[in-house]
file run23.txt (compact mmCIF, C-alpha atoms)
# COMPACT_ATOMS: atom_id res chain seq x y z
CA MET A 1 -18.99 25.37 -0.63
CA ARG A 2 -15.80 24.84 1.39
CA ILE A 3 -12.81 23.44 -0.48
CA SER A 4 -9.59 22.05 0.92
CA MET A 5 -6.97 22.40 -1.83
CA PRO A 6 -4.14 19.89 -2.48
CA ASP A 7 -1.60 22.25 -0.86
CA GLY A 8 -3.67 22.34 2.34
CA SER A 9 -5.05 25.86 1.79
CA ARG A 10 -8.79 26.42 2.11
CA LYS A 11 -11.29 28.27 -0.05
CA GLU A 12 -14.92 29.13 0.40
CA ILE A 13 -16.77 29.74 -2.87
CA ALA A 14 -20.37 30.15 -4.00
CA GLN A 15 -20.80 27.18 -6.31
CA PRO A 16 -23.96 26.11 -8.09
CA GLU A 17 -24.31 22.33 -8.38
CA ALA A 18 -21.72 21.06 -10.89
CA SER A 19 -19.78 17.88 -11.55
CA ILE A 20 -16.56 17.32 -9.59
CA GLU A 21 -14.66 17.32 -12.86
CA GLU A 22 -16.05 20.74 -13.83
CA ILE A 23 -15.23 22.14 -10.39
CA LEU A 24 -11.65 20.83 -10.61
CA ARG A 25 -11.13 22.31 -14.06
CA SER A 26 -12.51 25.67 -12.90
CA LEU A 27 -9.88 25.58 -10.11
CA GLY A 28 -7.12 24.84 -12.65
CA ILE A 29 -6.57 21.29 -11.36
CA ASN A 30 -6.01 18.31 -13.65
CA PRO A 31 -8.61 15.68 -12.57
CA GLU A 32 -6.11 12.91 -13.40
CA GLU A 33 -3.81 14.00 -10.60
CA VAL A 34 -6.29 14.05 -7.74
CA ILE A 35 -9.10 12.26 -5.96
CA VAL A 36 -11.88 14.20 -4.27
CA ALA A 37 -13.69 13.56 -1.00
CA LYS A 38 -17.13 15.13 -0.70
CA ASN A 39 -18.25 15.46 2.91
CA GLY A 40 -15.53 12.99 3.99
CA ARG A 41 -16.13 10.30 1.36
CA ILE A 42 -14.26 9.85 -1.93
CA VAL A 43 -16.57 10.29 -4.90
CA PRO A 44 -16.23 9.75 -8.67
CA GLU A 45 -15.65 12.72 -10.95
CA ASP A 46 -19.13 12.56 -12.43
CA GLU A 47 -20.72 13.09 -9.00
CA THR A 48 -22.00 16.61 -8.45
CA ALA A 49 -21.27 19.02 -5.59
CA GLY A 50 -22.28 22.54 -4.62
CA GLY A 51 -24.12 24.54 -1.95
CA SER A 52 -22.81 23.73 1.52
CA ASP A 53 -20.73 20.67 0.55
CA ASP A 54 -17.21 20.19 1.92
CA LEU A 55 -14.71 19.14 -0.74
CA LYS A 56 -11.25 17.84 0.01
CA ILE A 57 -9.00 17.61 -3.03
CA VAL A 58 -6.18 15.10 -2.53
CA ARG A 59 -3.16 14.90 -4.80
CA PHE A 60 -2.46 11.18 -4.41
CA VAL A 61 1.08 9.90 -4.71
CA HIS A 62 2.56 6.99 -6.62
CA GLY A 63 6.19 6.55 -5.58
CA GLY A 64 7.60 3.61 -3.68
CA MET B 1 6.22 -21.63 19.67
CA THR B 2 8.86 -24.13 18.80
CA LYS B 3 12.13 -22.89 20.26
CA ASP B 4 13.06 -21.05 23.44
CA GLU B 5 15.03 -18.47 21.46
CA ASP B 6 11.94 -17.77 19.34
CA ALA B 7 9.99 -17.06 22.50
CA GLY B 8 12.78 -14.66 23.53
CA ARG B 9 12.97 -12.93 20.15
CA TYR B 10 9.25 -12.33 20.04
CA ALA B 11 8.62 -11.86 23.78
CA ARG B 12 7.60 -8.20 23.51
CA GLN B 13 5.06 -8.74 20.77
CA ILE B 14 3.69 -11.93 22.31
CA LEU B 15 2.51 -9.53 25.01
CA LEU B 16 0.25 -8.06 22.30
CA PHE B 17 -1.18 -11.09 20.57
CA GLY B 18 -0.01 -14.16 22.49
CA LYS B 19 1.96 -17.22 21.39
CA GLU B 20 -1.00 -18.20 19.27
CA GLY B 21 -0.76 -14.95 17.31
CA GLN B 22 2.99 -15.45 16.89
CA GLU B 23 2.37 -18.96 15.59
CA THR B 24 -0.12 -17.54 13.05
CA LEU B 25 2.51 -15.05 11.86
CA LYS B 26 4.99 -17.89 11.53
CA HIS B 27 2.61 -19.75 9.24
CA SER B 28 1.92 -16.71 7.06
CA SER B 29 3.41 -16.41 3.62
CA VAL B 30 3.98 -12.90 2.32
CA PHE B 31 4.61 -11.50 -1.14
CA ILE B 32 6.57 -8.24 -1.09
CA ALA B 33 6.38 -6.48 -4.46
CA GLY B 34 9.54 -4.41 -4.75
CA ALA B 35 12.72 -4.02 -2.70
CA GLY B 36 12.92 -0.23 -2.99
CA GLY B 37 12.07 2.42 -0.41
CA LEU B 38 8.73 1.04 0.75
CA GLY B 39 9.75 -2.58 0.15
CA SER B 40 12.81 -2.09 2.37
CA ALA B 41 10.82 -0.84 5.34
CA ILE B 42 8.13 -3.47 4.81
CA ALA B 43 10.60 -6.35 4.51
CA PHE B 44 12.68 -5.33 7.53
CA TYR B 45 9.69 -5.15 9.87
CA MET B 46 8.01 -8.29 8.51
CA ALA B 47 11.19 -10.31 8.90
CA ALA B 48 11.77 -9.01 12.41
CA ALA B 49 8.13 -9.71 13.37
CA GLY B 50 8.54 -13.34 12.29
CA PHE B 51 6.32 -13.70 9.23
CA GLY B 52 7.35 -17.25 8.39
CA ARG B 53 7.81 -17.02 4.64
CA ILE B 54 8.75 -13.90 2.71
CA ARG B 55 9.00 -13.82 -1.07
CA ILE B 56 10.52 -10.52 -2.21
CA VAL B 57 10.59 -9.68 -5.90
CA ASP B 58 12.55 -6.95 -7.70
CA CYS B 59 14.34 -6.89 -11.04
CA ASP B 60 16.54 -3.82 -10.48
CA VAL B 61 20.12 -3.47 -9.29
CA VAL B 62 21.22 -1.24 -6.42
CA GLU B 63 22.31 2.26 -7.49
CA SER B 64 23.85 4.97 -5.35
CA SER B 65 20.71 7.14 -5.75
CA ASN B 66 18.75 4.41 -3.89
CA LEU B 67 20.80 4.53 -0.72
CA ASN B 68 19.11 7.54 0.91
CA ARG B 69 15.99 5.48 1.55
CA GLN B 70 16.30 1.84 0.51
CA ILE B 71 17.62 0.60 3.82
CA LEU B 72 17.85 -3.07 2.80
CA HIS B 73 20.89 -2.16 0.70
CA ALA B 74 24.33 -0.92 1.71
CA GLN B 75 27.24 0.72 -0.07
CA ALA B 76 28.80 -2.71 -0.65
CA ASP B 77 25.66 -3.82 -2.53
CA LEU B 78 26.04 -1.29 -5.36
CA GLY B 79 25.55 -3.12 -8.66
CA ARG B 80 23.97 -6.21 -7.03
CA HIS B 81 20.39 -7.22 -7.70
CA LYS B 82 18.17 -5.68 -5.03
CA ALA B 83 16.38 -8.98 -4.41
CA LEU B 84 19.68 -10.70 -3.55
CA SER B 85 20.85 -7.83 -1.38
CA ALA B 86 17.45 -7.99 0.35
CA TYR B 87 17.89 -11.71 0.93
CA ASP B 88 21.17 -11.18 2.77
CA ALA B 89 19.78 -8.36 4.90
CA LEU B 90 16.64 -10.29 5.89
CA ALA B 91 18.48 -13.53 6.61
CA GLY B 92 20.74 -11.51 8.89
CA ILE B 93 17.81 -9.99 10.79
CA ASN B 94 15.97 -13.25 11.35
CA PRO B 95 17.60 -16.55 10.37
CA ASP B 96 14.53 -18.51 11.52
CA ILE B 97 12.27 -17.39 8.69
CA GLU B 98 12.27 -18.55 5.09
CA VAL B 99 13.21 -15.83 2.60
CA GLU B 100 12.89 -16.26 -1.12
CA ALA B 101 14.44 -13.62 -3.39
CA VAL B 102 13.24 -13.44 -6.98
CA VAL B 103 14.99 -11.33 -9.62
CA GLU B 104 12.08 -10.71 -12.00
CA ARG B 105 9.94 -7.87 -13.26
CA ILE B 106 6.36 -8.52 -12.09
CA SER B 107 4.12 -8.81 -15.16
CA GLU B 108 0.74 -10.16 -16.31
CA GLU B 109 2.61 -13.23 -17.53
CA ASN B 110 4.40 -14.19 -14.30
CA VAL B 111 2.27 -12.74 -11.49
CA ASP B 112 0.26 -15.94 -10.99
CA ASP B 113 3.40 -18.03 -10.61
CA LEU B 114 5.05 -15.47 -8.36
CA LEU B 115 2.06 -15.37 -6.01
CA GLN B 116 1.82 -19.15 -5.68
CA ASP B 117 1.12 -20.07 -2.00
CA CYS B 118 1.20 -16.43 -0.80
CA ASP B 119 -1.42 -15.28 1.72
CA MET B 120 -1.09 -11.53 1.19
CA ILE B 121 0.48 -8.89 -1.06
CA MET B 122 2.55 -5.98 0.22
CA ASP B 123 2.65 -3.05 -2.23
CA GLY B 124 6.15 -1.64 -2.54
CA MET B 125 5.80 -0.65 -6.19
CA ASP B 126 6.56 2.76 -7.67
CA SER B 127 3.88 3.11 -10.35
CA PHE B 128 0.14 2.71 -10.70
CA PRO B 129 0.19 0.31 -13.68
CA SER B 130 2.15 -2.14 -11.45
CA ARG B 131 -0.28 -1.56 -8.61
CA TYR B 132 -3.28 -2.25 -10.85
CA LEU B 133 -1.60 -5.54 -11.74
CA LEU B 134 -1.26 -6.43 -8.04
CA ASN B 135 -4.87 -5.35 -7.45
CA ARG B 136 -6.15 -7.69 -10.18
CA ALA B 137 -4.03 -10.52 -8.78
CA ALA B 138 -5.35 -9.91 -5.25
CA LEU B 139 -8.95 -9.95 -6.52
CA LYS B 140 -8.37 -13.10 -8.54
CA ARG B 141 -6.77 -14.97 -5.62
CA ALA B 142 -9.03 -13.37 -2.98
CA ILE B 143 -6.06 -12.33 -0.82
CA PRO B 144 -5.49 -8.91 0.79
CA LEU B 145 -3.43 -6.14 -0.76
CA PHE B 146 -1.77 -3.73 1.65
CA HIS B 147 -1.33 -0.56 -0.40
CA GLY B 148 1.17 2.18 0.26
CA ALA B 149 2.72 4.97 -1.83
CA ILE B 150 4.96 7.95 -1.17
CA SER B 151 6.23 11.15 -2.72
CA GLY B 152 8.54 13.43 -0.83
CA TYR B 153 6.99 14.18 2.56
CA GLN B 154 3.59 12.78 1.48
CA GLY B 155 2.30 9.24 1.74
CA GLN B 156 -0.87 7.18 1.72
CA ALA B 157 -1.96 3.72 2.82
CA THR B 158 -5.06 1.56 2.71
CA THR B 159 -6.01 -2.09 3.03
CA ILE B 160 -7.86 -3.91 0.26
CA ILE B 161 -9.65 -7.13 1.22
CA PRO B 162 -11.42 -8.75 -1.75
CA GLY B 163 -15.05 -9.45 -1.02
CA ARG B 164 -15.03 -7.08 1.99
CA THR B 165 -13.80 -3.74 0.69
CA ALA B 166 -13.62 -1.65 -2.44
CA CYS B 167 -10.60 -2.44 -4.60
CA LEU B 168 -7.67 -0.22 -5.55
CA SER B 169 -9.27 0.65 -8.90
CA CYS B 170 -12.47 1.78 -7.14
CA LEU B 171 -10.35 4.20 -5.10
CA PHE B 172 -7.98 5.29 -7.86
CA PRO B 173 -9.83 4.80 -11.16
CA HIS B 174 -7.02 6.46 -13.11
CA ALA B 175 -3.24 6.50 -12.72
CA PRO B 176 -1.56 9.86 -12.16
CA PRO B 177 0.73 11.08 -14.97
CA PRO B 178 4.13 9.33 -14.74
CA ALA B 179 6.84 11.33 -12.96
CA THR B 180 9.92 10.69 -10.85
CA ALA B 181 8.79 11.01 -7.26
CA PRO B 182 11.06 12.82 -4.80
CA ALA B 183 11.74 10.58 -1.80
CA ILE B 184 13.17 10.57 1.69
CA GLY B 185 13.69 7.40 3.66
CA SER B 186 11.69 8.48 6.66
CA THR B 187 8.47 8.81 4.61
CA CYS B 188 9.04 5.28 3.26
CA GLY B 189 9.55 4.18 6.86
CA ILE B 190 6.30 5.74 8.05
CA ILE B 191 4.12 4.34 5.25
CA GLY B 192 5.85 0.94 5.11
CA SER B 193 5.43 0.61 8.89
CA ILE B 194 1.71 1.35 8.58
CA GLN B 195 1.38 -1.36 5.90
CA VAL B 196 3.15 -3.90 8.12
CA THR B 197 1.04 -2.94 11.14
CA GLU B 198 -2.04 -3.59 9.02
CA ALA B 199 -0.69 -7.00 7.97
CA ILE B 200 0.10 -7.97 11.58
CA LYS B 201 -3.42 -6.93 12.67
CA TYR B 202 -4.95 -8.83 9.76
CA VAL B 203 -3.08 -12.03 10.61
CA THR B 204 -3.57 -11.86 14.38
CA GLY B 205 -7.14 -10.56 14.20
CA LYS B 206 -6.48 -7.45 16.29
CA GLY B 207 -7.82 -3.91 15.99
CA SER B 208 -9.52 -2.18 13.05
CA LEU B 209 -8.03 -2.30 9.59
CA LEU B 210 -7.87 0.50 7.02
CA GLU B 211 -10.83 -1.06 5.23
CA ASN B 212 -12.48 1.44 2.89
CA ARG B 213 -10.36 4.13 4.56
CA LEU B 214 -7.45 5.95 2.93
CA LEU B 215 -4.87 7.24 5.38
CA LEU B 216 -3.03 10.36 4.22
CA TRP B 217 0.27 11.41 5.77
CA ASP B 218 1.52 14.96 5.29
CA GLY B 219 5.03 15.06 6.70
CA LEU B 220 5.52 18.75 5.96
CA GLU B 221 2.62 19.69 8.21
CA SER B 222 3.01 16.61 10.47
CA ARG B 223 -0.62 15.77 9.87
CA LEU B 224 -2.41 12.45 9.48
CA GLU B 225 -5.90 12.45 7.97
CA GLU B 226 -8.27 9.88 6.58
CA VAL B 227 -11.03 9.82 4.00
CA SER B 228 -13.49 7.00 3.44
CA TYR B 229 -14.34 5.36 0.14
CA GLU B 230 -16.60 2.60 -1.09
CA PRO B 231 -16.91 0.12 -3.96
CA SER B 232 -17.48 1.96 -7.23
CA PRO B 233 -20.39 0.68 -9.34
CA SER B 234 -18.39 1.64 -12.43
CA CYS B 235 -15.14 -0.08 -11.34
CA ARG B 236 -13.51 -1.86 -14.26
CA GLU B 237 -11.88 -4.49 -12.05
CA CYS B 238 -13.72 -5.61 -8.98
CA ARG B 239 -17.18 -6.48 -10.24
CA ALA B 240 -15.48 -9.58 -11.65
CA GLY B 241 -13.49 -9.95 -8.41
CA ARG B 242 -16.59 -9.81 -6.23
CA LYS B 243 -18.29 -12.34 -8.45
CA LYS B 244 -15.30 -14.68 -8.00
CA SER B 245 -15.26 -14.44 -4.22
CA LYS B 246 -18.99 -15.09 -4.14
CA LEU B 247 -18.47 -18.18 -6.26
CA LYS B 248 -15.77 -19.33 -3.87
CA ILE B 249 -18.03 -18.99 -0.84
CA SER B 250 -21.04 -20.83 -2.35

call {"tool": "encode", "arguments": {"input": "run23.txt", "output": "structure tokens"}}
result
Amino acid sequence: MRISMPDGSRKEIAQPEASIEEILRSLGINPEEVIVAKNGRIVPEDETAGGSDDLKIVRFVHGG
Amino acid sequence: MTKDEDAGRYARQILLFGKEGQETLKHSSVFIAGAGGLGSAIAFYMAAAGFGRIRIVDCDVVESSNLNRQILHAQADLGRHKALSAYDALAGINPDIEVEAVVERISEENVDDLLQDCDMIMDGMDSFPSRYLLNRAALKRAIPLFHGAISGYQGQATTIIPGRTACLSCLFPHAPPPATAPAIGSTCGIIGSIQVTEAIKYVTGKGSLLENRLLLWDGLESRLEEVSYEPSPSCRECRAGRKKSKLKIS
């Protein structure tokens, strides 16, 4: 699975199918601070990902 | 177009959407939530473009730490209410539009009154609880919400159209932990300008909107990306909203 991290860096990891929330926690990322696009589309944290999926982890902002 | 000077003021944008489009802008009534960094950029460009009625709401007063980015306000405005400072700036840019400045904190209690007669909501807020409030109000009134947010060099924007797109709570089901966001004026300018461009396109019927698309600006890398999203079956807000817009149509 290819992962684009919030800082723009990229990782490629062997990942068995798991929930987005589990994947985020395994990467040391607080799920409350990010949204995740799987193969270009934002998905809820209970959706699963693995295998050849592309994940983009976005740290969304809140200032104005 | 009513006056020759109006035709002159708007000549370069009439090339884009015609006098008819300009007339539609003139008859549009806009709610700008916040007169801070984003609200400043939004209000400036909406006033200059000739949106006919602008209601800008902010309860804060101008502080020196605002002046690096909140371009509606000047040194002489320190200590004044931002809404009143905004009124003066906008009236100076375009005396032909109607500007209404409201010194109030937007809340569940007053949001309905504040949005009376407004055709769209511009998000210039600085927290997600406030944005969820605007999202609920947009769903209830079936009017678009042009979302934007910034932090430092980063920003995001999307366009919520009740009944046509997912809502803000579908996209961001939880608020990020509260924190003071770093900010530079140019990021507010970029994101606020995108929000206003969306509003102009919405009103004049031009181009493709950021419907179910989240635009992400990374100013450090000078990179613009987008990700798509869709209505969430578990959304706590917009199932009710969709039901309401259906009722309205039938």

call {"tool": "residues_around", "arguments": {"input": "run23.txt", "residues": "Gly152 of chain B", "least_positions_apart": "2", "cutoff": "12 Å", "atoms": "only C-alpha atoms", "output": "ChimeraX atom specification"}}
result
/A:60-64 /B:37,69,149-150,154-156,180-188,190-191,217-220

call {"tool": "closest_atom_pairs", "arguments": {"input": "run23.txt", "of": "chain A", "to": "chain B", "cutoff": "10 Å", "atoms": "all atoms listed in the file", "output": "tab-separated table"}}
result
residue	atom	partner	partner_atom	distance
A:Gly8	CA	B:Glu221	CA	9.0
A:Asn30	CA	B:Pro176	CA	9.7
A:Pro31	CA	B:Pro176	CA	9.2
A:Glu32	CA	B:Pro176	CA	5.6
A:Glu33	CA	B:Pro176	CA	5.0
A:Val34	CA	B:Pro176	CA	7.7
A:Ile35	CA	B:Phe172	CA	7.3
A:Val36	CA	B:Val227	CA	9.4
A:Ala37	CA	B:Val227	CA	6.8
A:Lys38	CA	B:Val227	CA	9.4
A:Asn39	CA	B:Val227	CA	9.2
A:Gly40	CA	B:Val227	CA	5.5
A:Arg41	CA	B:Ser228	CA	4.7
A:Ile42	CA	B:Tyr229	CA	4.9
A:Val43	CA	B:Tyr229	CA	7.4
A:Pro44	CA	B:Ser232	CA	8.0
A:Glu45	CA	B:Pro173	CA	9.8
A:Lys56	CA	B:Val227	CA	9.0
A:Val58	CA	B:Leu216	CA	8.8
A:Arg59	CA	B:Pro176	CA	9.1
A:Phe60	CA	B:Gln156	CA	7.5
A:Val61	CA	B:Ile150	CA	5.6
A:His62	CA	B:Ala149	CA	5.2
A:Gly63	CA	B:Asp126	CA	4.3
A:Gly64	CA	B:Asp126	CA	4.2

call {"tool": "residues_around", "arguments": {"input": "run23.txt", "residues": "segment 77-86 of chain B", "least_positions_apart": "3", "cutoff": "9 Å", "atoms": "all atoms listed in the file", "output": "compact mmCIF listing (two decimals) with C-alpha atoms, in the coordinates of the input"}}
result
# COMPACT_ATOMS: atom_id res chain seq x y z
CA GLY B 34 9.54 -4.41 -4.75
CA ALA B 35 12.72 -4.02 -2.70
CA GLY B 36 12.92 -0.23 -2.99
CA SER B 40 12.81 -2.09 2.37
CA ALA B 43 10.60 -6.35 4.51
CA ILE B 56 10.52 -10.52 -2.21
CA VAL B 57 10.59 -9.68 -5.90
CA ASP B 58 12.55 -6.95 -7.70
CA CYS B 59 14.34 -6.89 -11.04
CA ASP B 60 16.54 -3.82 -10.48
CA VAL B 61 20.12 -3.47 -9.29
CA VAL B 62 21.22 -1.24 -6.42
CA GLU B 63 22.31 2.26 -7.49
CA SER B 64 23.85 4.97 -5.35
CA LEU B 72 17.85 -3.07 2.80
CA HIS B 73 20.89 -2.16 0.70
CA ALA B 74 24.33 -0.92 1.71
CA ALA B 89 19.78 -8.36 4.90
CA LEU B 90 16.64 -10.29 5.89
CA ALA B 91 18.48 -13.53 6.61
CA GLU B 100 12.89 -16.26 -1.12
CA ALA B 101 14.44 -13.62 -3.39
CA VAL B 102 13.24 -13.44 -6.98
CA VAL B 103 14.99 -11.33 -9.62
CA GLU B 104 12.08 -10.71 -12.00

call {"tool": "residues_around", "arguments": {"input": "run23.txt", "residues": "Val196 of chain B", "least_positions_apart": "2", "cutoff": "9 Å", "atoms": "all atoms listed in the file", "output": "VMD selection string"}}
result
chain B and resid 41 to 43 45 to 46 122 146 191 to 194 198 to 201

call {"tool": "residues_near_point", "arguments": {"input": "run23.txt", "point": "(-20.0, 34.6, -0.1)", "cutoff": "12 Å", "atoms": "all atoms listed in the file", "output": "list of chain:residue names"}}
result
A:Met1, A:Arg2, A:Lys11, A:Glu12, A:Ile13, A:Ala14, A:Gln15, A:Gly51, A:Ser52

call {"tool": "atom_distance", "arguments": {"input": "run23.txt", "atom1": "atom CA of Gln22 of chain B", "atom2": "atom CA of Tyr87 of chain B"}}
result
22.2 Å

call {"tool": "atom_distance", "arguments": {"input": "run23.txt", "atom1": "atom CA of Thr197 of chain B", "atom2": "atom CA of Arg223 of chain B"}}
result
18.8 Å

call {"tool": "atom_distance", "arguments": {"input": "run23.txt", "atom1": "atom CA of Leu115 of chain B", "atom2": "atom CA of Glu23 of chain B"}}
result
21.9 Å

call {"tool": "residues_around", "arguments": {"input": "run23.txt", "residues": "Glu237 of chain B", "least_positions_apart": "2", "cutoff": "9 Å", "atoms": "all atoms listed in the file", "output": "list in words"}}
result
Tyr132, Asn135, Arg136, Leu139, Cys167, Leu168, Ser169, Cys170, Ser234, Cys235, Arg239, Ala240 and Gly241 of chain B

call {"tool": "closest_residue", "arguments": {"input": "run23.txt", "among": "B:Ser222, B:Cys238, B:Gln195, B:Pro95", "to": "Ala138 of chain B", "atoms": "all atoms listed in the file"}}
result
B:Cys238

call {"tool": "closest_residue", "arguments": {"input": "run23.txt", "among": "A:Ile29, A:Leu24, A:Ala18, A:Ile3", "to": "Glu47 of chain A", "atoms": "all atoms listed in the file"}}
result
A:Ala18

call {"tool": "residues_near_point", "arguments": {"input": "run23.txt", "point": "(-18.2, 17.7, -10.1)", "cutoff": "6 Å", "atoms": "only C-alpha atoms", "output": "MDAnalysis selection string"}}
result
chainID A and resid 18:23 45:49

call {"tool": "build_atoms", "arguments": {"input": "run23.txt", "residues": "segment 37-59 of chain B", "atoms": "N, CA and C atoms", "output": "mmCIF file, in the frame of the given file"}}
result
data_model
loop_
_atom_site.group_PDB
_atom_site.id
_atom_site.type_symbol
_atom_site.label_atom_id
_atom_site.label_comp_id
_atom_site.auth_asym_id
_atom_site.auth_seq_id
_atom_site.Cartn_x
_atom_site.Cartn_y
_atom_site.Cartn_z
ATOM 1 N N GLY B 37 12.247 1.679 -1.661
ATOM 2 C CA GLY B 37 12.070 2.420 -0.410
ATOM 3 C C GLY B 37 11.009 1.815 0.487
ATOM 4 N N LEU B 38 9.799 1.649 -0.048
ATOM 5 C CA LEU B 38 8.730 1.040 0.750
ATOM 6 C C LEU B 38 9.031 -0.427 1.033
ATOM 7 N N GLY B 39 9.468 -1.154 -0.007
ATOM 8 C CA GLY B 39 9.750 -2.580 0.150
ATOM 9 C C GLY B 39 10.798 -2.829 1.226
ATOM 10 N N SER B 40 11.776 -1.934 1.334
ATOM 11 C CA SER B 40 12.810 -2.090 2.370
ATOM 12 C C SER B 40 12.206 -2.031 3.758
ATOM 13 N N ALA B 41 11.419 -0.986 4.008
ATOM 14 C CA ALA B 41 10.820 -0.840 5.340
ATOM 15 C C ALA B 41 9.880 -2.007 5.642
ATOM 16 N N ILE B 42 9.082 -2.376 4.642
ATOM 17 C CA ILE B 42 8.130 -3.470 4.810
ATOM 18 C C ILE B 42 8.873 -4.768 5.151
ATOM 19 N N ALA B 43 9.891 -5.076 4.351
ATOM 20 C CA ALA B 43 10.600 -6.350 4.510
ATOM 21 C C ALA B 43 11.311 -6.427 5.858
ATOM 22 N N PHE B 44 11.975 -5.351 6.249
ATOM 23 C CA PHE B 44 12.680 -5.330 7.530
ATOM 24 C C PHE B 44 11.726 -5.671 8.671
ATOM 25 N N TYR B 45 10.594 -4.959 8.732
ATOM 26 C CA TYR B 45 9.690 -5.150 9.870
ATOM 27 C C TYR B 45 8.961 -6.486 9.801
ATOM 28 N N MET B 46 8.696 -6.979 8.598
ATOM 29 C CA MET B 46 8.010 -8.290 8.510
ATOM 30 C C MET B 46 8.957 -9.411 8.919
ATOM 31 N N ALA B 47 10.211 -9.288 8.508
ATOM 32 C CA ALA B 47 11.190 -10.310 8.900
ATOM 33 C C ALA B 47 11.388 -10.291 10.418
ATOM 34 N N ALA B 48 11.549 -9.112 10.970
ATOM 35 C CA ALA B 48 11.770 -9.010 12.410
ATOM 36 C C ALA B 48 10.568 -9.518 13.199
ATOM 37 N N ALA B 49 9.353 -9.286 12.660
ATOM 38 C CA ALA B 49 8.130 -9.710 13.370
ATOM 39 C C ALA B 49 7.941 -11.220 13.290
ATOM 40 N N GLY B 50 8.627 -11.890 12.361
ATOM 41 C CA GLY B 50 8.540 -13.340 12.290
ATOM 42 C C GLY B 50 7.493 -13.884 11.338
ATOM 43 N N PHE B 51 7.146 -13.107 10.296
ATOM 44 C CA PHE B 51 6.320 -13.700 9.230
ATOM 45 C C PHE B 51 7.145 -14.855 8.650
ATOM 46 N N GLY B 52 6.556 -16.045 8.622
ATOM 47 C CA GLY B 52 7.350 -17.250 8.390
ATOM 48 C C GLY B 52 7.977 -17.392 7.027
ATOM 49 N N ARG B 53 7.263 -16.915 5.994
ATOM 50 C CA ARG B 53 7.810 -17.020 4.640
ATOM 51 C C ARG B 53 7.651 -15.693 3.929
ATOM 52 N N ILE B 54 8.760 -15.180 3.432
ATOM 53 C CA ILE B 54 8.750 -13.900 2.710
ATOM 54 C C ILE B 54 9.314 -14.115 1.320
ATOM 55 N N ARG B 55 8.505 -13.794 0.322
ATOM 56 C CA ARG B 55 9.000 -13.820 -1.070
ATOM 57 C C ARG B 55 9.101 -12.365 -1.525
ATOM 58 N N ILE B 56 10.311 -11.912 -1.807
ATOM 59 C CA ILE B 56 10.520 -10.520 -2.210
ATOM 60 C C ILE B 56 11.009 -10.496 -3.656
ATOM 61 N N VAL B 57 10.354 -9.655 -4.455
ATOM 62 C CA VAL B 57 10.590 -9.680 -5.900
ATOM 63 C C VAL B 57 10.995 -8.285 -6.396
ATOM 64 N N ASP B 58 12.104 -8.217 -7.104
ATOM 65 C CA ASP B 58 12.550 -6.950 -7.700
ATOM 66 C C ASP B 58 13.536 -7.287 -8.814
ATOM 67 N N CYS B 59 13.450 -6.563 -9.911
ATOM 68 C CA CYS B 59 14.340 -6.890 -11.040
ATOM 69 C C CYS B 59 15.532 -5.926 -11.137
#
